[in-house]
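One structure is given here, and the rest of the page talks about it.
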Amino acid sequence: MTTHDESTAALEPITAWFTRAFAELDAMNRDFCQLLEEATGVDDDVARLAKAGRDGFTERVRVFLREHPRINGAGLIFSRSARGEGKGVTEWWVRDGADGMTRYQFGVNPLGQRFYDYEKLEWFTVSVSSGRPWLTGPYIDYLGVEEYIVTMTVRSEVHGRAVGVTGCDIRVSDLERELLPLLRLAGGPALLLNPHDGVLVSSSSRFSAGDVVHDVPAGFRRVALPLANPPLTLLVSG
Amino acid sequence: MPTVSDAAQGGAPLPFAEEASGSASGAAVADRIASSISLGLLSVGERLPTEIELAQQFGVAVNTLRKGLAELRDREIVVTRRGRTGGTFIVKAPFPSPEEVRERLRDTSLVDLRDLRDEHVAVGSAIARLAATRVWGGSIVRLEELAARVSAARTPAEAASADSRFHIELAVLAQSPRLLRSEIRIQSEIAPLHWTFSDFEQTQTIVASDHHDVIRAVMEEDGGRASLAMSEHLQHDGVRMMDAKLSIDPDL
């Protein structure tokens, strides 16, 4: 365990930000799963689950988006390949106007040119296959919500099986608004990196969101956030 | 040239709106909008005016207009996005017929084709450079799958669509929303021009080999080489496009 003195003043607040974000995402996920357990049976397929959950999800997501004004969208994306259950099933809402939200429809037809092949994307695969809370991005969600975003996900389990992921999106520009003030507590240039060493937020003009920084630049040192998952790191100067 | 944004802002009628008036059906409205896109009067990436404004311009009931838009959505020519940046957007130009491509090549001067290529080289090589410095995870696998679709295509239209998708995916990996929008717009214009009249199998071979060079450089995170490989690839596209014009127009 890294002690406070060896690290940086930015470590604690940034760790607290992610701890809270994942705790609240997890709380929404538990509510979703409980709702599905009560409304469905063990043999129901994901299309049936989605239908049974929709009204309850809508109200729960409304609360989540109200409590987190910088989150762009949230919901539960089901695994269609679980038991080979046909085309994609997505229950997702995005912010719309001042305090409205609207359900988002993705291209779920595998034969369409605008098919959103989400089961191959990192935000879906990692959490659903490993059960690890995960952070994906920054990435342009082409054919999805078509924004430059970061997605946080946790696995959703119903009747003892993984049915998909519960997640939320934040635009990269909004993540910067949240985290740059915390990063600047480091007192000098600092970067927050995703699990692939890609920059999430940077307080140095030498590095920008999206750049991959494999090697620790001269004058910087690496400080891991004390979270089991997702593995995030800070690069701080000095 | 009128664009949708001008029409939306200034209240000017949409191109072809008048011809669809009277007892026009949803299908007729869809056809008018589709031909405006084919003719380049509306561009990929543009947002259509609101349903009410459109219905007024076409002189049809909002319900009829909605049927027209639904048909365009089914044909994957427009998408309606929700949220803060929502609206109905043109996402694809209907693939032009050989006769339409011939006409476009005839009407466009060589120097204008050269300029289109120049813009594509600038945007494309910047995208390749950025993709090489920002690529992560398994995203290269996806790029390879898309490159393989160009080789598997059976018609120029299929190959052109797969080719465009490859370039768009690279722009996604470059993580610049602005460059992505530019690439999508340029692809809709340029892909039919260099695929339609060239030797199909030879073009497939050259494009596959060029894409392979770009993928290798991106995979090795070599931005300089990726940029150079893309620049050479797009020069090849430009040569095919200009050769197509010269071959269909022997009187020049």
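Residues in the structure tokens are named by chain (A, B, ... in the order shown) and by number from 1 within that chain; ligands are numbered from 1 in the order shown.
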10 Å contacts from chain A to chain B using only C-alpha atoms, as a count of residues only: 46
Might you pull out every residue within 6 Å of region 174-187 of chain A, with only C-alpha atoms counted and same-chain residues fewer than 6 positions away left off, and present them as a list in words?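 Counting only C-alpha atoms, the residues come to Thr8, Ala9, Ala10 and Val201 of chain A.
Counting from CA of Glu59 (chain A), the distance to CA of Leu36 (chain A) is 14.2 Å.
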Could you list, as a list in words, every residue within 8 Å of Val236 (chain A), counting only C-alpha atoms and ignoring same-chain residues fewer than 3 positions away?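 Here the qualifying residues turn out to be Thr8, Ala186, Gly188, Pro189, Ala190, Leu191, Phe220, Arg221, Arg222 and Val223 of chain A.
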Could you write those residues out with C-alpha atoms, as a short mmCIF file (atom, residue, chain, number, x, y, z; two decimals), in the first residue's frame?
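Result written to again.cif:
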```cif
data_model
loop_
_atom_site.label_atom_id
_atom_site.label_comp_id
_atom_site.auth_asym_id
_atom_site.auth_seq_id
_atom_site.Cartn_x
_atom_site.Cartn_y
_atom_site.Cartn_z
CA THR A 8 0.79 12.90 -4.47
CA ALA A 186 -0.54 17.38 -7.71
CA GLY A 188 2.86 20.10 -11.21
CA PRO A 189 2.10 18.46 -14.56
CA ALA A 190 0.19 15.18 -14.07
CA LEU A 191 -1.61 12.61 -16.24
CA PHE A 220 7.63 11.85 -14.18
CA ARG A 221 6.92 8.95 -11.86
CA ARG A 222 4.11 6.41 -11.85
CA VAL A 223 1.61 6.16 -8.97
#
```
